[in-house]
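Engineer: One structure coming up, written as structure tokens, with questions to follow.
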Amino acid sequence: MKPTYGTITVKTAMLVIAALLLFAPFLFQDIRALEVAARICIFIVLVASYDLLIGYTGIVSFAHTMFFGFGAYGSAIALKQMGPGWDAVALGTLVGVALSLVVATAIGLISLRVKAIFFAMITLAAASVVLVLASQLSQITGGEDGITYRAPDLFKPATKLAVDEDGKVLRWFGVALNGKLAAYYFVFATSLVMFLVMLRITVSPLGTVLKAIRENEARAEAIGYRVVAYRTFVFCLSAAIASLAGSVYAVWLKYTGPDTALSFAIMIDILLMVVIGGMGTMWGAVIGAVLMVMAQYYLRDLMGAASEATAAIPLLPELLAPDRWLFWLGIIFILLVYFFPKGIAGTLMARGRRA
Amino acid sequence: MTNLSETLGRWGGVNLLPLALAAVAFVLIGAPSSWVTLTVAGLSMGMMVFLMASGLSLVFGLMDVLNFGHSAFISFGAFVAATVLAALSTWLDGGWMLASAALALALLAAIAFGLAAGLFFETVIIRPVYRDHLRQILITMGALIVSEQIILAVWGGTPVSVPRPAFLEGAWIVGDVSMEIYRLFAVALGLAVFAGLMVLLNRTRIGLLIRAGVENREMVEALGFKINRLFIGVFMLGSALAALGGAMWAGYETLITPALGGEMMIVVFIVVIIGGLGSIDGTLLGAIIVGLTANYIGYLAPKLALASNMILMMAILMWRPSGLRPAVK
């Protein structure tokens with residue numbers, strides 16, 4: 001396939017985003033921007049892993065935040081109980097991934113026996129049970145309040161990665177080389193590795209089989225691929241990656257609660273990101289995650305101003321209130337599903353190519 | 001073994017499940033009066049869930065559309081009814097006649113809203129994505145997000161309290177058994193709606209077409225019936241039932257939040273999966289089983305109550321992968 005203008009545009013955008021994320025601590029020197037950058041990194045991985053399901057294989061699951069939550073709560077509980085240390089992070093991550101794999105296999109095996117469309121409903125039910133459990137078992141999970149804990153010492157803001165002659169923290173281009181920087185690069189590096197692994201999978205023969213299943217399940221089965229085994233495998237794989245992303249996010253945030261790791265709102269975010277960016281391409285996950293996270297942090301301020309400006313008109317200020325931004329996003333989402341089912345990346349990449 | 005299952009089949013087969021459940025619970029609970037209370041509570045919950053779920057099941061059976069936005073109708077029904085009741089609160093104190101008029105108006109407002117919203121939803125949201133499950137799920141999720149935000153914008157995020165007519169308050173006491181009147185009312189209304197649906201589906205020409213459409217849509221189309229118009233009608237009916245269920249649920253809970261639809265949606269999904277998508281009697285069966293289980297388990301083992309629906313669904317899917325009484329496909 002020859003590269004088209006659209007593909008080149010998307011690839012250029014990827015390089016720019018990667019560069020911005022790589023140098024984020026130096027380019028945007030305030031705390032909030034670094035939060036945004038780290039959140040973008042995590043969500044790129046989370047959305048890409050969801051795209052393996054919905055975009056590449058055609059499986060609609062609503063349980064993705066459940067796996068994300070397993071990872072996040074695993075690390076969080078381990079860090080809380082065992083104190084800050086790498087052994088706690090490792091143990092929590094492993095337990096989270098193991099739990100995710102067990103649950104994913106169980107759901108996958110049940111789904112073998114039911115119609116495909118039941119799968120979406122069953123995952124939704126499973127995810128809601130886990131959410132209720134997390135808020136009820138408050139002695140372990142902290143209930144609605146969540147858990148706060150300390151990350152390993154390396155990531156403390158007071159940690160000095162390098163010192164100058166006076167024993168003070170060394171600064172590069174005005175950025176202190178402290179633990180916060182180490183934490184960001186931990187998030188960035190782990191996210192990059194996970195993303196590259198998924199990218200490699202999608203271009204491998206396995207990825208081709210997954211696409212074949214999405215396009216025509218009966219034909220893939222007839223050729224001799226065990227569709228059910230592949231579906232279960234990719235469900236487990238994406239669950240494991242979501243769980244890992246959750247662990248990394250928990251270490252970065254030093255707080256884990258239903259709102260940051262498990263709630264249905266995150267599931268909706270992921271769904272919106274996948275559809276906005278474009279299903280069935282890893283680049284779409286990147287674009288969707290970047291746009292949505294930026295919108296979440298910066299669009300609300302803009303909407304607040306718009307709401308005040310229209311205060312005289314009935315109902316409109318209500319709909320323009322910063323809390324109502326999901327309303328507009330929902331409308332954009334519906335329009336996208338109608339008119340641009342391939343999302344931003346898919347539509348761009350199809351441009352200039354003969355159908 | 002075959003003899004046994006044949007005998008069971010003659011006695012009603014899977015329809016015996018609720019009775020078996022009630023019998024087991026009777027032994028486990030021990031106290032007849034609490035058993036009666038719990039059974040009535042379970043039946044009334046089941047009936048309200050049946051109202052909400054029947055539309056979803058019918059729409060799926062007939063149109064092969066899985067509507068994730070169904071819970072929006074439940075929420076809207078609850079809030080519309082609550083608003084009407086609050087506006088007519090003077091009527092509620094004004095004697096039996098006026099109070100029941102207010103209640104009827106509130107339920108009718110919810111139904112009317114459901115009909116209108118269903119018409120809008122079918123033509124604007126769902127019509128363009130027939131026969132494409134992935135886009136159906138996505139687009140109805142989008143519609144659900146927008147509806148929830150509209151509810152938040154109109155009614156705000158704080159809980160709204162729902163006034164009840166005085167004659168539905170309190171409990172009816174026979175010996176040492178007490179039954180809440182509202183729950184009995186819910187059971188009666190649910191049974192009436194079920195009977196109405198059964199008459200509509202089994203005794204009328206439209207019902208014949210609907211049933212034929214569920215079984216073989218192409219055939220009905222080939223015979224020259226305009227199945228699209230039937231779709232709209234069934235969809236509107238389904239959303240109106242959901243809104244009615246939501247309105248009843250609002251009176252049951254007496255304090256409602258915009259999260260109501262989302263919470264009920266899970267139960268509704270579990271009910272239609274257990275019952276078998278596309279069949280009305282399966283939905284009723286599923287709803288009653290879920291309602292009874294939730295109440296019995298809530299009494300016997302409160303810790304287990306949260307997961308009880310999920311476990312029930314898994315067990316039934318292991319036994320019957322397409323639900324207890326699936327519509328013939």
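Each chain in the structure tokens gets a letter, A, B and so on, in the order shown; residues start at 1 in every chain, and ligands are counted from 1 in the order they appear.
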Which neighbours of Arg325 (chain B) fall inside 7 Å, counting only C-alpha atoms, when residues of the same chain fewer than 4 positions from it are skipped, and could you give them as a PyMOL selection string?

Structural biologist: chain B and resi 275-276+279+282

Engineer: Using the selection just defined, write its residues with all heavy atoms as an mmCIF file, in the first residue's frame.

Structural biologist:
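What landed in again_10.cif:
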data_model
loop_
_atom_site.group_PDB
_atom_site.id
_atom_site.type_symbol
_atom_site.label_atom_id
_atom_site.label_comp_id
_atom_site.auth_asym_id
_atom_site.auth_seq_id
_atom_site.Cartn_x
_atom_site.Cartn_y
_atom_site.Cartn_z
ATOM 1 N N GLY B 275 -34.360 -14.138 30.768
ATOM 2 C CA GLY B 275 -35.641 -14.528 30.199
ATOM 3 C C GLY B 275 -35.525 -15.008 28.767
ATOM 4 O O GLY B 275 -36.328 -15.807 28.316
ATOM 5 N N GLY B 276 -34.518 -14.535 28.072
ATOM 6 C CA GLY B 276 -34.408 -14.851 26.647
ATOM 7 C C GLY B 276 -34.885 -13.654 25.858
ATOM 8 O O GLY B 276 -36.051 -13.281 25.938
ATOM 9 N N SER B 279 -38.858 -12.382 24.063
ATOM 10 C CA SER B 279 -40.130 -12.949 24.477
ATOM 11 C C SER B 279 -40.665 -12.247 25.716
ATOM 12 O O SER B 279 -39.921 -11.961 26.658
ATOM 13 C CB SER B 279 -39.981 -14.450 24.734
ATOM 14 O OG SER B 279 -39.409 -14.676 25.979
ATOM 15 N N GLY B 282 -41.002 -14.676 28.768
ATOM 16 C CA GLY B 282 -39.662 -14.915 29.300
ATOM 17 C C GLY B 282 -39.199 -13.743 30.150
ATOM 18 O O GLY B 282 -38.625 -13.918 31.218
#

Engineer: Just need the residues of chain B within 9 Å of chain A, counting only C-alpha atoms, so spit them out as a JSON list (two decimals) with C-alpha atoms, in the first residue's frame.

Structural biologist:
[["chain", "number", "residue", "atom", "x", "y", "z"],
["B", 66, "LEU", "CA", -30.01, -3.59, 21.11],
["B", 68, "PHE", "CA", -28.36, 0.78, 25.27],
["B", 125, "ILE", "CA", -31.09, 7.70, 16.34],
["B", 128, "PRO", "CA", -29.88, 4.92, 10.15],
["B", 129, "VAL", "CA", -28.07, 2.02, 11.80],
["B", 133, "HIS", "CA", -24.82, -4.07, 15.84],
["B", 134, "LEU", "CA", -21.57, -2.30, 16.57],
["B", 135, "ARG", "CA", -22.84, 1.08, 15.43],
["B", 137, "ILE", "CA", -24.43, -0.08, 20.49],
["B", 138, "LEU", "CA", -22.19, 2.95, 19.99],
["B", 139, "ILE", "CA", -24.91, 5.31, 18.86],
["B", 140, "THR", "CA", -27.38, 4.33, 21.55],
["B", 141, "MET", "CA", -24.61, 4.78, 24.12],
["B", 142, "GLY", "CA", -24.08, 8.27, 22.69],
["B", 143, "ALA", "CA", -27.79, 8.96, 22.97],
["B", 144, "LEU", "CA", -27.73, 7.69, 26.57],
["B", 145, "ILE", "CA", -24.91, 10.11, 27.43],
["B", 146, "VAL", "CA", -26.82, 13.03, 25.91],
["B", 147, "SER", "CA", -30.08, 12.06, 27.67],
["B", 148, "GLU", "CA", -28.38, 11.79, 31.05],
["B", 149, "GLN", "CA", -26.88, 15.22, 30.57],
["B", 150, "ILE", "CA", -30.28, 16.65, 29.62],
["B", 152, "LEU", "CA", -28.92, 16.74, 34.81],
["B", 153, "ALA", "CA", -29.42, 20.09, 33.08],
["B", 154, "VAL", "CA", -33.19, 20.15, 33.58],
["B", 263, "GLU", "CA", -28.69, 1.48, 38.10],
["B", 266, "ILE", "CA", -28.08, -3.46, 34.81],
["B", 267, "VAL", "CA", -31.05, -5.24, 36.38],
["B", 269, "PHE", "CA", -30.21, -6.32, 31.10],
["B", 270, "ILE", "CA", -29.87, -9.25, 33.46],
["B", 273, "ILE", "CA", -30.76, -12.13, 29.28],
["B", 306, "LEU", "CA", -24.81, -7.39, 45.48],
["B", 307, "ALA", "CA", -23.54, -10.28, 43.43],
["B", 310, "MET", "CA", -24.80, -11.72, 38.51],
["B", 313, "MET", "CA", -27.40, -14.82, 35.38],
["B", 314, "MET", "CA", -24.24, -16.88, 35.05],
["B", 317, "LEU", "CA", -26.60, -18.94, 31.02],
["B", 318, "MET", "CA", -24.56, -22.04, 31.81],
["B", 320, "ARG", "CA", -29.59, -22.38, 28.97],
["B", 321, "PRO", "CA", -27.28, -20.26, 26.81],
["B", 322, "SER", "CA", -30.05, -18.29, 25.15]]

Engineer: Report as CSV: every residue of region 235-307 of chain B with an atom at most 12 Å from region 168-175 of chain B, its closest pair of atoms, and their distance in Å to one decimal, counting only C-alpha atoms, with rows sorted by chain and ascending residue number.

Structural biologist:
residue,atom,partner,partner_atom,distance
B:Met248,CA,B:Leu168,CA,11.9
B:Gly251,CA,B:Leu168,CA,9.7
B:Tyr252,CA,B:Leu168,CA,10.3
B:Thr254,CA,B:Glu169,CA,11.1

Engineer: Let me see the file: selected residues, N, CA, C and O atoms, as an mmCIF file, in the first residue's frame.

Structural biologist:
data_model
loop_
_atom_site.group_PDB
_atom_site.id
_atom_site.type_symbol
_atom_site.label_atom_id
_atom_site.label_comp_id
_atom_site.auth_asym_id
_atom_site.auth_seq_id
_atom_site.Cartn_x
_atom_site.Cartn_y
_atom_site.Cartn_z
ATOM 1 N N MET B 248 -43.236 4.213 38.123
ATOM 2 C CA MET B 248 -43.588 3.364 39.266
ATOM 3 C C MET B 248 -42.413 3.233 40.220
ATOM 4 O O MET B 248 -42.566 3.258 41.441
ATOM 5 N N GLY B 251 -42.014 6.175 42.481
ATOM 6 C CA GLY B 251 -42.910 6.159 43.628
ATOM 7 C C GLY B 251 -42.471 5.154 44.683
ATOM 8 O O GLY B 251 -42.686 5.346 45.870
ATOM 9 N N TYR B 252 -41.814 4.095 44.219
ATOM 10 C CA TYR B 252 -41.353 3.034 45.123
ATOM 11 C C TYR B 252 -40.163 3.520 45.946
ATOM 12 O O TYR B 252 -40.098 3.320 47.150
ATOM 13 N N THR B 254 -39.224 6.767 46.283
ATOM 14 C CA THR B 254 -39.621 8.062 46.823
ATOM 15 C C THR B 254 -38.512 9.118 46.820
ATOM 16 O O THR B 254 -38.767 10.286 47.067
#

Engineer: Please run DSSP on the backbone and report, as a list in words, all residues within region 40-195 of chain A that come out as strand (DSSP E or B).

Structural biologist: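 Taking region 40-195 of chain A and keeping strand (DSSP E or B) gives Ile147, Thr148, Lys160, Val163, Val169, Arg171, Trp172, Val175, Ala176 and Asn178 of chain A.
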
Engineer: Please extract the residues of region 97-297 of chain B with a backbone DSSP assignment of alpha helix (DSSP H) and present them as an NGL selection string.

Structural biologist: :B and (97-120 or 133-155 or 181-203 or 205-215 or 217-222 or 227-253 or 260-275 or 280-297)

Engineer: Could you check the closest approach to Ala183 (chain A) for each of A:Ala350, A:Leu253, A:Leu244, A:Ala239 and tell me which residue wins, using only C-alpha atoms?

Structural biologist: A:Leu253

Engineer: Kindly give the distance, in Å, that separates CA of Ala222 (chain A) and CA of Gly55 (chain A), rounded to a single decimal.

Structural biologist: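 Between these atoms lies a distance of 21.8 Å.
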
Engineer: Measuring between only C-alpha atoms, which one of A:Asp30, A:Glu35, A:Glu221, A:Asp51 shows the shortest distance to Thr281 (chain A)?

Structural biologist: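 Using only C-alpha atoms, Thr281 (chain A) sits closest to A:Asp51.
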
Engineer: Show which residues sit within 10 Å of Phe194 (chain B), as a CSV table (one decimal) with N, CA, C and O atoms, in the first residue's frame. Count only C-alpha atoms, and ignore same-chain residues fewer than 2 positions away.

Structural biologist:
chain,number,residue,atom,x,y,z
B,47,MET,N,-42.3,-7.0,39.0
B,47,MET,CA,-43.3,-6.4,38.1
B,47,MET,C,-42.8,-5.1,37.5
B,47,MET,O,-43.0,-4.8,36.3
B,50,PHE,N,-40.2,-5.7,35.1
B,50,PHE,CA,-40.8,-6.3,33.9
B,50,PHE,C,-41.3,-5.2,33.0
B,50,PHE,O,-41.1,-5.2,31.8
B,51,LEU,N,-42.0,-4.1,33.6
B,51,LEU,CA,-42.4,-3.0,32.8
B,51,LEU,C,-41.2,-2.4,32.0
B,51,LEU,O,-41.3,-2.1,30.8
B,54,SER,N,-39.7,-5.2,29.3
B,54,SER,CA,-40.4,-5.8,28.2
B,54,SER,C,-40.2,-5.1,26.9
B,54,SER,O,-40.0,-5.7,25.9
B,188,ALA,N,-50.3,-5.3,40.9
B,188,ALA,CA,-51.6,-5.3,40.1
B,188,ALA,C,-51.4,-4.6,38.8
B,188,ALA,O,-51.8,-5.1,37.7
B,189,LEU,N,-50.7,-3.5,38.8
B,189,LEU,CA,-50.5,-2.8,37.6
B,189,LEU,C,-49.6,-3.6,36.6
B,189,LEU,O,-49.9,-3.7,35.4
B,190,GLY,N,-48.6,-4.3,37.1
B,190,GLY,CA,-47.7,-5.1,36.3
B,190,GLY,C,-48.5,-6.2,35.7
B,190,GLY,O,-48.4,-6.5,34.5
B,191,LEU,N,-49.4,-6.9,36.5
B,191,LEU,CA,-50.2,-8.0,35.9
B,191,LEU,C,-51.1,-7.5,34.9
B,191,LEU,O,-51.3,-8.1,33.8
B,192,ALA,N,-51.7,-6.3,35.1
B,192,ALA,CA,-52.6,-5.7,34.1
B,192,ALA,C,-51.9,-5.4,32.8
B,192,ALA,O,-52.4,-5.8,31.7
B,196,GLY,N,-52.5,-7.1,29.2
B,196,GLY,CA,-52.8,-6.3,28.1
B,196,GLY,C,-51.8,-6.7,26.9
B,196,GLY,O,-52.3,-6.8,25.8
B,197,LEU,N,-50.5,-6.8,27.3
B,197,LEU,CA,-49.6,-7.2,26.2
B,197,LEU,C,-49.9,-8.6,25.6
B,197,LEU,O,-49.8,-8.8,24.4
B,198,MET,N,-50.3,-9.5,26.5
B,198,MET,CA,-50.6,-10.8,26.0
B,198,MET,C,-51.8,-10.8,25.1
B,198,MET,O,-51.8,-11.5,24.0
B,199,VAL,N,-52.8,-10.0,25.4
B,199,VAL,CA,-54.0,-9.9,24.5
B,199,VAL,C,-53.6,-9.3,23.2
B,199,VAL,O,-53.9,-9.7,22.1
B,200,LEU,N,-52.8,-8.2,23.3
B,200,LEU,CA,-52.3,-7.5,22.1
B,200,LEU,C,-51.5,-8.4,21.2
B,200,LEU,O,-51.8,-8.5,20.0
B,280,ILE,N,-42.0,-12.0,25.7
B,280,ILE,CA,-42.6,-11.2,26.8
B,280,ILE,C,-42.7,-12.1,28.0
B,280,ILE,O,-42.4,-11.7,29.1
B,281,ASP,N,-43.2,-13.3,27.8
B,281,ASP,CA,-43.4,-14.2,29.0
B,281,ASP,C,-42.0,-14.5,29.6
B,281,ASP,O,-41.9,-14.6,30.8
B,284,LEU,N,-41.1,-11.6,31.8
B,284,LEU,CA,-41.8,-11.6,33.1
B,284,LEU,C,-41.2,-12.7,34.0
B,284,LEU,O,-41.0,-12.4,35.2
